[in-house]
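J.: Supplied structure: upload-v3.txt, compact mmCIF, C-alpha atoms.
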```txt
# COMPACT_ATOMS: atom_id res chain seq x y z
CA MET A 1 -59.43 261.16 193.87
CA MET A 2 -62.65 262.91 192.87
CA ASN A 3 -62.43 266.71 192.72
CA GLN A 4 -58.88 267.00 194.03
CA HIS A 5 -57.01 270.19 193.13
CA PHE A 6 -53.40 270.48 191.97
CA ASP A 7 -51.28 273.30 190.59
CA VAL A 8 -50.13 271.30 187.55
CA ALA A 9 -51.16 268.04 185.90
CA VAL A 10 -48.58 266.32 183.71
CA VAL A 11 -50.07 263.72 181.36
CA GLY A 12 -47.67 260.94 180.41
CA ALA A 13 -44.95 259.38 182.56
CA GLY A 14 -42.20 258.63 180.08
CA VAL A 15 -38.79 260.22 180.39
CA ILE A 16 -40.17 263.63 179.33
CA GLY A 17 -43.22 263.58 181.59
CA THR A 18 -41.35 262.33 184.67
CA THR A 19 -38.57 264.87 184.18
CA VAL A 20 -41.06 267.70 183.74
CA ALA A 21 -43.11 266.65 186.78
CA TRP A 22 -40.03 266.36 188.99
CA ARG A 23 -38.67 269.76 187.91
CA LEU A 24 -42.05 271.45 188.42
CA ALA A 25 -42.38 269.89 191.88
CA GLN A 26 -38.97 271.34 192.76
CA THR A 27 -40.48 274.82 192.28
CA GLY A 28 -42.90 274.14 195.14
CA ARG A 29 -45.92 273.36 192.98
CA ALA A 30 -48.36 270.56 193.76
CA VAL A 31 -47.96 268.26 190.76
CA VAL A 32 -50.01 265.26 189.72
CA LEU A 33 -48.46 262.95 187.12
CA ILE A 34 -50.98 260.81 185.26
CA GLU A 35 -50.02 257.68 183.28
CA ARG A 36 -52.44 255.30 181.58
CA ASP A 37 -49.99 252.40 182.03
CA HIS A 38 -46.92 252.61 184.29
CA CYS A 39 -43.84 254.84 184.37
CA GLY A 40 -41.66 254.36 181.30
CA ALA A 41 -43.99 251.78 179.78
CA GLU A 42 -43.49 252.94 176.21
CA ALA A 43 -40.62 254.40 174.14
CA SER A 44 -38.56 255.67 177.09
CA SER A 45 -37.66 252.25 178.49
CA ALA A 46 -37.35 250.81 174.99
CA ALA A 47 -34.67 253.32 173.97
CA ALA A 48 -31.04 252.42 173.34
CA GLY A 49 -30.08 255.46 175.41
CA ILE A 50 -27.70 257.17 172.96
CA LEU A 51 -26.82 260.73 173.95
CA GLY A 52 -25.98 261.56 170.36
CA ALA A 53 -26.18 265.34 170.29
CA GLN A 54 -23.63 265.54 167.48
CA LEU A 55 -24.61 262.27 165.82
CA GLU A 56 -28.28 263.07 165.36
CA VAL A 57 -28.02 266.46 163.65
CA SER A 58 -26.93 266.94 160.04
CA GLU A 59 -26.58 270.74 159.98
CA PRO A 60 -25.87 273.68 162.29
CA GLY A 61 -28.80 275.56 163.75
CA PRO A 62 -31.18 275.73 166.72
CA PHE A 63 -31.81 271.98 166.94
CA TYR A 64 -28.10 271.22 167.08
CA ASP A 65 -27.67 273.85 169.78
CA LEU A 66 -30.60 272.41 171.77
CA CYS A 67 -29.18 268.87 171.63
CA VAL A 68 -25.71 270.02 172.72
CA GLU A 69 -27.22 272.11 175.52
CA SER A 70 -29.20 269.16 176.86
CA ARG A 71 -26.24 266.78 176.64
CA GLY A 72 -24.25 269.27 178.70
CA LEU A 73 -26.87 269.07 181.46
CA PHE A 74 -26.75 265.29 181.78
CA GLN A 75 -23.98 264.80 184.33
CA SER A 76 -25.57 267.13 186.87
CA PHE A 77 -29.01 265.70 185.98
CA VAL A 78 -28.06 262.10 186.81
CA ASP A 79 -25.97 263.17 189.81
CA GLU A 80 -28.98 264.97 191.26
CA LEU A 81 -31.18 261.95 190.62
CA PHE A 82 -28.65 259.66 192.30
CA GLU A 83 -28.47 261.91 195.37
CA LEU A 84 -32.27 261.86 195.68
CA THR A 85 -32.94 258.22 194.82
CA GLY A 86 -29.69 256.26 195.21
CA LYS A 87 -30.22 254.82 191.71
CA ASP A 88 -27.47 254.84 189.08
CA SER A 89 -28.55 255.78 185.56
CA GLU A 90 -25.27 254.35 184.19
CA LEU A 91 -24.16 257.39 182.24
CA LYS A 92 -21.30 256.30 180.00
CA SER A 93 -19.18 259.04 178.40
CA ASN A 94 -17.52 256.67 175.95
CA GLY A 95 -17.65 258.73 172.76
CA LEU A 96 -19.07 257.71 169.41
CA LEU A 97 -17.62 256.53 166.11
CA GLN A 98 -19.58 257.28 162.94
CA ILE A 99 -18.12 254.90 160.35
CA ALA A 100 -17.41 255.56 156.66
CA TYR A 101 -16.91 252.67 154.23
CA THR A 102 -16.51 254.76 151.08
CA GLU A 103 -14.77 257.97 150.07
CA VAL A 104 -18.16 259.62 149.52
CA GLU A 105 -19.26 258.78 153.08
CA ALA A 106 -15.92 260.03 154.38
CA LYS A 107 -16.26 263.41 152.64
CA LEU A 108 -19.74 263.90 154.10
CA LEU A 109 -18.52 263.09 157.60
CA GLN A 110 -15.50 265.36 157.22
CA GLU A 111 -17.79 268.23 156.25
CA LYS A 112 -19.89 267.46 159.32
CA MET A 113 -16.71 267.54 161.40
CA ARG A 114 -15.80 270.99 160.04
CA TRP A 115 -19.09 272.70 160.84
CA GLN A 116 -19.32 271.06 164.27
CA ARG A 117 -15.83 272.24 165.14
CA SER A 118 -16.77 275.73 163.92
CA ALA A 119 -19.72 275.54 166.32
CA GLY A 120 -17.32 274.86 169.19
CA SER A 121 -17.77 271.08 169.51
CA GLU A 122 -15.12 268.38 169.68
CA ALA A 123 -14.99 266.28 166.48
CA TYR A 124 -12.03 264.45 164.92
CA TRP A 125 -11.37 262.45 161.78
CA MET A 126 -9.74 259.03 162.17
CA ASP A 127 -8.31 257.14 159.21
CA GLU A 128 -8.58 253.39 158.77
CA LYS A 129 -5.42 252.66 160.79
CA ASP A 130 -6.51 254.90 163.67
CA VAL A 131 -9.90 253.20 163.80
CA ALA A 132 -8.30 249.74 163.77
CA LYS A 133 -6.04 250.68 166.68
CA ARG A 134 -8.87 252.10 168.75
CA GLU A 135 -11.44 249.37 168.01
CA VAL A 136 -9.84 246.05 167.06
CA CYS A 137 -13.21 244.30 166.71
CA LEU A 138 -14.44 246.47 163.83
CA ALA A 139 -14.36 245.41 160.20
CA PRO A 140 -11.97 247.39 157.95
CA CYS A 141 -13.38 250.78 156.99
CA PHE A 142 -12.39 253.95 155.15
CA GLY A 143 -12.32 255.97 158.37
CA ALA A 144 -14.59 257.39 161.05
CA LEU A 145 -15.76 260.61 162.61
CA TYR A 146 -14.94 260.50 166.32
CA LEU A 147 -17.30 262.42 168.61
CA PRO A 148 -15.77 262.16 172.10
CA ASP A 149 -18.54 264.01 173.95
CA ASP A 150 -21.44 261.86 172.75
CA GLY A 151 -22.20 258.96 175.09
CA ASN A 152 -25.02 256.75 176.29
CA ILE A 153 -27.13 255.95 179.30
CA LEU A 154 -29.11 252.93 180.47
CA ALA A 155 -32.67 253.95 179.61
CA THR A 156 -34.30 251.57 182.09
CA GLY A 157 -31.94 252.76 184.82
CA LEU A 158 -32.75 256.39 184.13
CA MET A 159 -36.48 255.65 184.15
CA SER A 160 -36.17 253.78 187.45
CA ALA A 161 -34.45 256.79 189.02
CA LEU A 162 -37.03 259.21 187.62
CA GLU A 163 -39.90 257.02 188.82
CA THR A 164 -38.49 257.08 192.33
CA ALA A 165 -37.96 260.86 192.11
CA VAL A 166 -41.57 261.56 191.13
CA LYS A 167 -42.89 259.22 193.81
CA LYS A 168 -40.95 261.28 196.35
CA THR A 169 -42.05 264.69 195.04
CA CYS A 170 -45.37 264.36 193.14
CA THR A 171 -48.68 262.54 193.23
CA LEU A 172 -48.32 259.69 190.72
CA LEU A 173 -51.44 258.10 189.25
CA GLU A 174 -50.65 254.98 187.23
CA GLY A 175 -53.22 252.99 185.29
CA VAL A 176 -55.35 256.14 184.92
CA GLU A 177 -56.69 257.24 181.54
CA VAL A 178 -57.30 260.90 180.68
CA PHE A 179 -60.45 261.08 178.56
CA GLY A 180 -60.53 264.82 178.02
CA VAL A 181 -59.42 268.24 179.22
CA GLN A 182 -61.78 271.19 179.58
CA MET A 183 -60.97 274.82 180.30
CA CYS A 184 -63.18 276.28 183.01
CA SER A 185 -64.59 279.81 183.21
CA ASP A 186 -61.91 280.85 185.71
CA GLN A 187 -59.12 279.81 183.28
CA THR A 188 -58.32 276.62 185.20
CA TYR A 189 -58.72 273.11 183.80
CA SER A 190 -60.78 270.05 184.58
CA LEU A 191 -59.32 266.68 183.59
CA MET A 192 -61.83 263.91 183.11
CA THR A 193 -60.07 260.68 184.05
CA SER A 194 -60.90 257.07 184.75
CA CYS A 195 -60.62 257.79 188.48
CA GLY A 196 -62.66 260.99 188.53
CA THR A 197 -62.26 264.69 187.79
CA LEU A 198 -59.08 266.57 188.66
CA HIS A 199 -58.88 270.37 188.87
CA VAL A 200 -55.60 272.09 188.02
CA GLU A 201 -54.19 275.51 187.21
CA SER A 202 -52.02 274.24 184.33
CA VAL A 203 -51.68 271.12 182.16
CA VAL A 204 -48.55 269.72 180.51
CA VAL A 205 -49.16 267.12 177.81
CA ALA A 206 -46.19 264.76 177.56
CA ALA A 207 -48.03 261.70 176.28
CA GLY A 208 -45.59 260.78 173.52
CA ALA A 209 -47.12 259.14 170.47
CA TRP A 210 -50.53 259.21 172.22
CA ALA A 211 -50.62 263.01 172.64
CA ASN A 212 -53.10 263.75 169.86
CA HIS A 213 -56.22 262.65 171.72
CA ILE A 214 -55.59 265.38 174.30
CA LEU A 215 -53.92 268.09 172.23
CA GLY A 216 -56.01 267.60 169.10
CA PRO A 217 -59.13 269.46 170.31
CA LEU A 218 -56.98 272.24 171.80
CA ALA A 219 -54.22 272.57 169.20
CA ALA A 220 -55.27 270.86 166.00
CA GLU A 221 -52.04 271.90 164.28
CA CYS A 222 -50.06 269.58 166.56
CA ASN A 223 -50.33 266.18 164.90
CA ILE A 224 -47.96 263.68 166.50
CA GLN A 225 -47.54 260.39 164.64
CA PRO A 226 -46.34 257.01 165.96
CA VAL A 227 -43.05 255.74 164.52
CA LYS A 228 -42.38 252.09 165.34
CA GLY A 229 -38.81 250.99 165.94
CA GLN A 230 -37.38 247.52 166.64
CA LEU A 231 -34.22 246.78 168.62
CA VAL A 232 -32.24 243.73 169.65
CA ALA A 233 -29.86 243.06 172.53
CA VAL A 234 -26.92 240.68 172.23
CA ARG A 235 -24.01 239.72 174.47
CA PRO A 236 -20.77 239.73 172.42
CA GLN A 237 -18.19 237.03 173.10
CA HIS A 238 -14.38 236.94 173.01
CA GLY A 239 -13.67 240.67 172.79
CA ALA A 240 -16.16 241.33 170.02
CA ALA A 241 -17.74 244.34 171.75
CA PRO A 242 -16.63 247.85 170.77
CA GLN A 243 -15.69 250.27 173.54
CA HIS A 244 -17.46 253.17 171.84
CA THR A 245 -20.96 253.53 170.50
CA VAL A 246 -20.63 252.79 166.76
CA TYR A 247 -22.96 254.07 164.04
CA HIS A 248 -23.35 253.53 160.31
CA ASP A 249 -26.27 254.10 157.96
CA HIS A 250 -28.98 254.36 160.63
CA VAL A 251 -27.72 251.30 162.55
CA TYR A 252 -26.06 251.75 165.93
CA LEU A 253 -24.28 249.44 168.34
CA VAL A 254 -24.41 250.64 171.93
CA PRO A 255 -22.24 248.86 174.52
CA LYS A 256 -23.54 248.85 178.11
CA ARG A 257 -21.67 248.46 181.39
CA ASN A 258 -23.07 244.97 182.02
CA GLY A 259 -21.56 243.56 178.80
CA MET A 260 -24.79 243.71 176.82
CA MET A 261 -24.92 245.55 173.49
CA ILE A 262 -28.04 247.09 171.98
CA VAL A 263 -28.42 247.09 168.20
CA GLY A 264 -31.01 249.38 166.67
CA ALA A 265 -33.15 250.60 165.30
CA THR A 266 -35.61 250.10 162.49
CA GLU A 267 -38.09 252.84 161.57
CA ASP A 268 -41.63 252.22 160.40
CA ARG A 269 -43.99 255.16 159.93
CA GLU A 270 -46.78 253.00 158.51
CA ALA A 271 -47.16 250.51 161.38
CA GLY A 272 -49.16 252.79 163.64
CA PHE A 273 -49.37 251.29 167.12
CA ASN A 274 -48.61 247.72 165.99
CA ARG A 275 -46.49 246.02 168.68
CA ASN A 276 -45.44 242.86 166.87
CA VAL A 277 -41.72 242.09 166.85
CA ALA A 278 -41.14 240.97 163.26
CA SER A 279 -38.30 238.60 162.39
CA GLY A 280 -37.34 240.35 159.14
CA PRO A 281 -36.36 243.71 160.65
CA ILE A 282 -34.50 241.99 163.49
CA ALA A 283 -32.56 239.87 160.99
CA SER A 284 -31.67 243.00 159.00
CA LEU A 285 -30.32 244.66 162.16
CA ILE A 286 -28.12 241.66 162.98
CA THR A 287 -26.84 241.51 159.40
CA ALA A 288 -25.96 245.21 159.45
CA ALA A 289 -24.31 244.88 162.86
CA GLN A 290 -22.27 241.92 161.67
CA ARG A 291 -20.93 244.00 158.79
CA ILE A 292 -19.65 246.54 161.32
CA VAL A 293 -18.45 244.02 163.94
CA PRO A 294 -17.96 240.57 162.34
CA GLY A 295 -17.82 238.89 165.75
CA ILE A 296 -21.47 239.72 166.36
CA GLY A 297 -22.25 236.50 164.50
CA GLN A 298 -21.09 234.62 167.61
CA ALA A 299 -22.87 236.89 170.09
CA ILE A 300 -25.44 235.46 172.49
CA TYR A 301 -28.96 236.62 171.67
CA GLU A 302 -30.64 238.26 174.68
CA ARG A 303 -33.97 239.71 173.50
CA SER A 304 -35.72 241.93 170.96
CA TRP A 305 -38.43 244.51 171.45
CA ILE A 306 -40.22 247.52 169.96
CA GLY A 307 -40.63 251.16 170.88
CA ILE A 308 -43.18 253.60 169.48
CA ARG A 309 -41.60 257.02 169.08
CA PRO A 310 -43.56 260.30 168.90
CA GLY A 311 -42.77 261.66 165.44
CA SER A 312 -43.51 265.07 163.96
CA SER A 313 -43.30 266.37 160.41
CA ASP A 314 -39.81 267.82 160.94
CA ASN A 315 -38.68 265.36 163.64
CA ARG A 316 -38.27 268.29 166.02
CA PRO A 317 -39.94 268.67 169.42
CA TRP A 318 -42.76 271.05 170.25
CA VAL A 319 -42.21 272.34 173.78
CA GLY A 320 -43.96 275.20 175.51
CA PRO A 321 -47.27 276.99 175.98
CA VAL A 322 -50.13 276.25 173.62
CA THR A 323 -50.98 279.75 172.49
CA ALA A 324 -54.69 279.09 171.95
CA SER A 325 -55.19 277.78 175.50
CA LYS A 326 -53.72 279.72 178.43
CA GLY A 327 -52.22 277.36 180.98
CA MET A 328 -51.90 274.48 178.50
CA HIS A 329 -48.36 273.33 177.66
CA ALA A 330 -46.96 270.70 175.31
CA ALA A 331 -43.81 268.61 175.58
CA VAL A 332 -44.17 266.32 172.58
CA GLY A 333 -42.62 265.27 169.27
CA HIS A 334 -39.16 264.32 170.55
CA TYR A 335 -38.95 261.43 168.06
CA ARG A 336 -35.56 259.68 168.50
CA ASN A 337 -34.26 262.10 171.10
CA GLY A 338 -36.51 261.89 174.13
CA ILE A 339 -33.76 260.63 176.44
CA LEU A 340 -31.22 263.17 175.16
CA LEU A 341 -33.61 266.14 175.37
CA ALA A 342 -35.22 265.36 178.72
CA PRO A 343 -33.04 267.71 180.83
CA VAL A 344 -33.51 270.75 178.61
CA THR A 345 -37.22 270.00 178.11
CA GLY A 346 -37.68 270.12 181.88
CA LYS A 347 -36.07 273.56 181.95
CA MET A 348 -38.20 274.79 179.06
CA ILE A 349 -41.50 273.71 180.61
CA VAL A 350 -40.64 275.28 183.97
CA HIS A 351 -39.94 278.53 182.10
CA GLY A 352 -43.28 278.28 180.31
CA VAL A 353 -45.37 277.41 183.38
CA GLU A 354 -43.77 280.30 185.28
CA GLY A 355 -44.69 282.65 182.42
CA ARG A 356 -41.11 283.51 181.55
CA GLU A 357 -40.23 284.30 177.96
CA TYR A 358 -38.08 281.75 176.15
CA PRO A 359 -34.54 282.80 175.28
CA GLU A 360 -34.05 283.15 171.55
CA HIS A 361 -32.38 279.76 171.03
CA TRP A 362 -35.47 277.94 172.41
CA GLN A 363 -38.04 279.84 170.38
CA ALA A 364 -37.65 277.59 167.32
CA PHE A 365 -39.34 274.81 169.34
CA GLY A 366 -42.14 276.77 170.96
CA ALA A 367 -45.82 276.59 170.11
CA SER A 368 -45.70 279.78 168.06
CA ARG A 369 -43.11 278.58 165.60
CA GLU A 370 -44.06 278.29 161.94
CA GLY A 371 -45.17 274.86 160.79
CA ARG A 372 -45.43 273.41 164.28
CA CYS A 373 -45.88 269.65 164.37
CA VAL A 374 -48.25 268.93 161.52
CA GLY A 375 -47.69 265.33 160.40
```
Starting from the coordinates I provided, produce the structure as structure tokens.

T.:
Amino acid sequence: MMNQHFDVAVVGAGVIGTTVAWRLAQTGRAVVLIERDHCGAEASSAAAGILGAQLEVSEPGPFYDLCVESRGLFQSFVDELFELTGKDSELKSNGLLQIAYTEVEAKLLQEKMRWQRSAGSEAYWMDEKDVAKREVCLAPCFGALYLPDDGNILATGLMSALETAVKKTCTLLEGVEVFGVQMCSDQTYSLMTSCGTLHVESVVVAAGAWANHILGPLAAECNIQPVKGQLVAVRPQHGAAPQHTVYHDHVYLVPKRNGMMIVGATEDREAGFNRNVASGPIASLITAAQRIVPGIGQAIYERSWIGIRPGSSDNRPWVGPVTASKGMHAAVGHYRNGILLAPVTGKMIVHGVEGREYPEHWQAFGASREGRCVG
């Protein structure tokens, strides 16, 4: 692999990196995708796979618009992947219920409903009786905000399809560490890796929570921080599984096609890259889930695991050219929304690599925005 030349190197093969590499390869570019472990080894395969464009955002604005835009791309995204790879990402357009247990919670959700409907999205209020009719397994509540267009996907299935796609269209280097990136006198880049030096016209850093060691020397203002999350999978018994994704107070229950349900997720900004699965956080997730669906107490335990998300100071992504280094691009800081934002991130990076100006609604996430990703 010594001294090979490519048009673009993408560093990091999670859902963002694989999507970006695949989309760039579709433009006819020679793309090398470099991953220090294996495809989807980190947060991407650990994700619950919620496509919560309306769930995740608390106010109108560019981030809401970006999430809704990317969700709208998902059906064609997975259809295209299936046609190329034959692998089903298990997209489930089952809607989402955001539960209220008090009048205060209900008023906040109803306000959220109003501004989302003003923005052109589907959002409906359901009272206690409506919720009980739709989801008989839920504990009594005050009501719920119903978001019919939010759904979920099987994260491991999506990563499997993307891995196959990049193997068909790119050069994939797994188990290869990037030690440094150096701009050459002719405005190209040399990547010093554990398998030799690679020469490329452009670089896209999509290394998730590990992006700082590459971006730091080139864009010190971009300081991505690891955010550890723990999740648990159970298999509900006797009709105790909701049909919709259900969310309350940072805890979500995500039903999958195979009968499994994912409960998540904790958030720890102090743990760094610690990978221990701790019993306390898992117990708190089960307790919270049991409050929402009492029958979870009888569910069969499947497994628990951790994911390390790439956090930024404002929990917003930083996607686009690094202004201080021509030909250098970032696709980092997606935090809880890497799966959701993968399709639109792929579009944004292709725009940037081709030298096209971002449309106005993307500019809030570009490298030139105020504040950037300082942690």

J.: May I have the protein, DNA and RNA residues with an atom at most 9 Å from (-34.6, 252.7, 188.8), counting all atoms listed in the file in the file's coordinates, returned as an MDAnalysis selection string?

T.: chainID A and resid 85:89 156:164

J.: Can you spit out the residues from that selection as a tab-separated table (two decimals), in the frame of the given file, using C-alpha atoms?

T.:
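File written: out09.tsv
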```
chain	number	residue	atom	x	y	z
A	85	THR	CA	-32.94	258.22	194.82
A	86	GLY	CA	-29.69	256.26	195.21
A	87	LYS	CA	-30.22	254.82	191.71
A	88	ASP	CA	-27.47	254.84	189.08
A	89	SER	CA	-28.55	255.78	185.56
A	156	THR	CA	-34.30	251.57	182.09
A	157	GLY	CA	-31.94	252.76	184.82
A	158	LEU	CA	-32.75	256.39	184.13
A	159	MET	CA	-36.48	255.65	184.15
A	160	SER	CA	-36.17	253.78	187.45
A	161	ALA	CA	-34.45	256.79	189.02
A	162	LEU	CA	-37.03	259.21	187.62
A	163	GLU	CA	-39.90	257.02	188.82
A	164	THR	CA	-38.49	257.08	192.33
```

J.: Could you check which of A:Thr197, A:Ser304, A:Ser279, A:Ser312 is closest to A:Val232, using all atoms listed in the file?

T.: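 For A:Val232, the nearest of the given residues is A:Ser304.
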
J.: Measuring between only C-alpha atoms, which one of A:Arg316, A:Lys112, A:Arg336, A:Lys347 shows the shortest distance to A:Phe365?

T.: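 Of A:Arg316, A:Lys112, A:Arg336, A:Lys347, the one nearest A:Phe365 is A:Arg316, counting only C-alpha atoms.
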
J.: Quick check, in Å to one decimal: how far apart do atom CA of A:Trp210 and atom CA of A:Ala21 lie?

T.: 18.0 Å

J.: Between A:Val32, A:Thr188, A:Asn94, A:Val178, which one has atoms that come closest to A:Met328, using all atoms listed in the file?

T.: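 The answer is A:Thr188, which sits nearest to A:Met328.
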
J.: Which residue out of A:Arg235, A:His361, A:His38, A:Arg29 has the minimum interatomic distance to A:Gly295 when only C-alpha atoms are used?

T.: A:Arg235

J.: Do you have the atom CA of A:Leu340-atom CA of A:Leu138 distance handy?

T.: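 Taking atom CA of A:Leu340 and atom CA of A:Leu138, their separation equals 26.2 Å.
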
J.: Between A:Gln237, A:Ser121, A:Ser325, A:Asn223, which one has atoms that come closest to A:Val203, using all atoms listed in the file?

T.: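 Using all atoms listed in the file, A:Val203 sits closest to A:Ser325.
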
J.: One decimal, in Å: what's the spacing between atom CA of A:Glu80 and atom CA of A:Glu174?

T.: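 Rounded to one decimal, the two atoms are 24.2 Å apart.
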
J.: If I put a ball of radius 9 Å at (-12.1, 242.7, 168.4) in the file's coordinates, which residues poke into it when counting all atoms listed in the file, written as a short mmCIF file (atom, residue, chain, number, x, y, z; two decimals) with C-alpha atoms, keeping the file's coordinate frame?

T.:
```
data_model
loop_
_atom_site.label_atom_id
_atom_site.label_comp_id
_atom_site.auth_asym_id
_atom_site.auth_seq_id
_atom_site.Cartn_x
_atom_site.Cartn_y
_atom_site.Cartn_z
CA GLU A 135 -11.44 249.37 168.01
CA VAL A 136 -9.84 246.05 167.06
CA CYS A 137 -13.21 244.30 166.71
CA LEU A 138 -14.44 246.47 163.83
CA ALA A 139 -14.36 245.41 160.20
CA HIS A 238 -14.38 236.94 173.01
CA GLY A 239 -13.67 240.67 172.79
CA ALA A 240 -16.16 241.33 170.02
CA ALA A 241 -17.74 244.34 171.75
CA PRO A 242 -16.63 247.85 170.77
CA VAL A 293 -18.45 244.02 163.94
CA PRO A 294 -17.96 240.57 162.34
CA GLY A 295 -17.82 238.89 165.75
#
```

J.: For a quick check of understanding, using all atoms listed in the file, which of A:Val251, A:Val319, A:Ala330, A:Cys184 has the smallest distance to A:Trp362?

T.: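 Of all the options, A:Val319 lies closest to A:Trp362.
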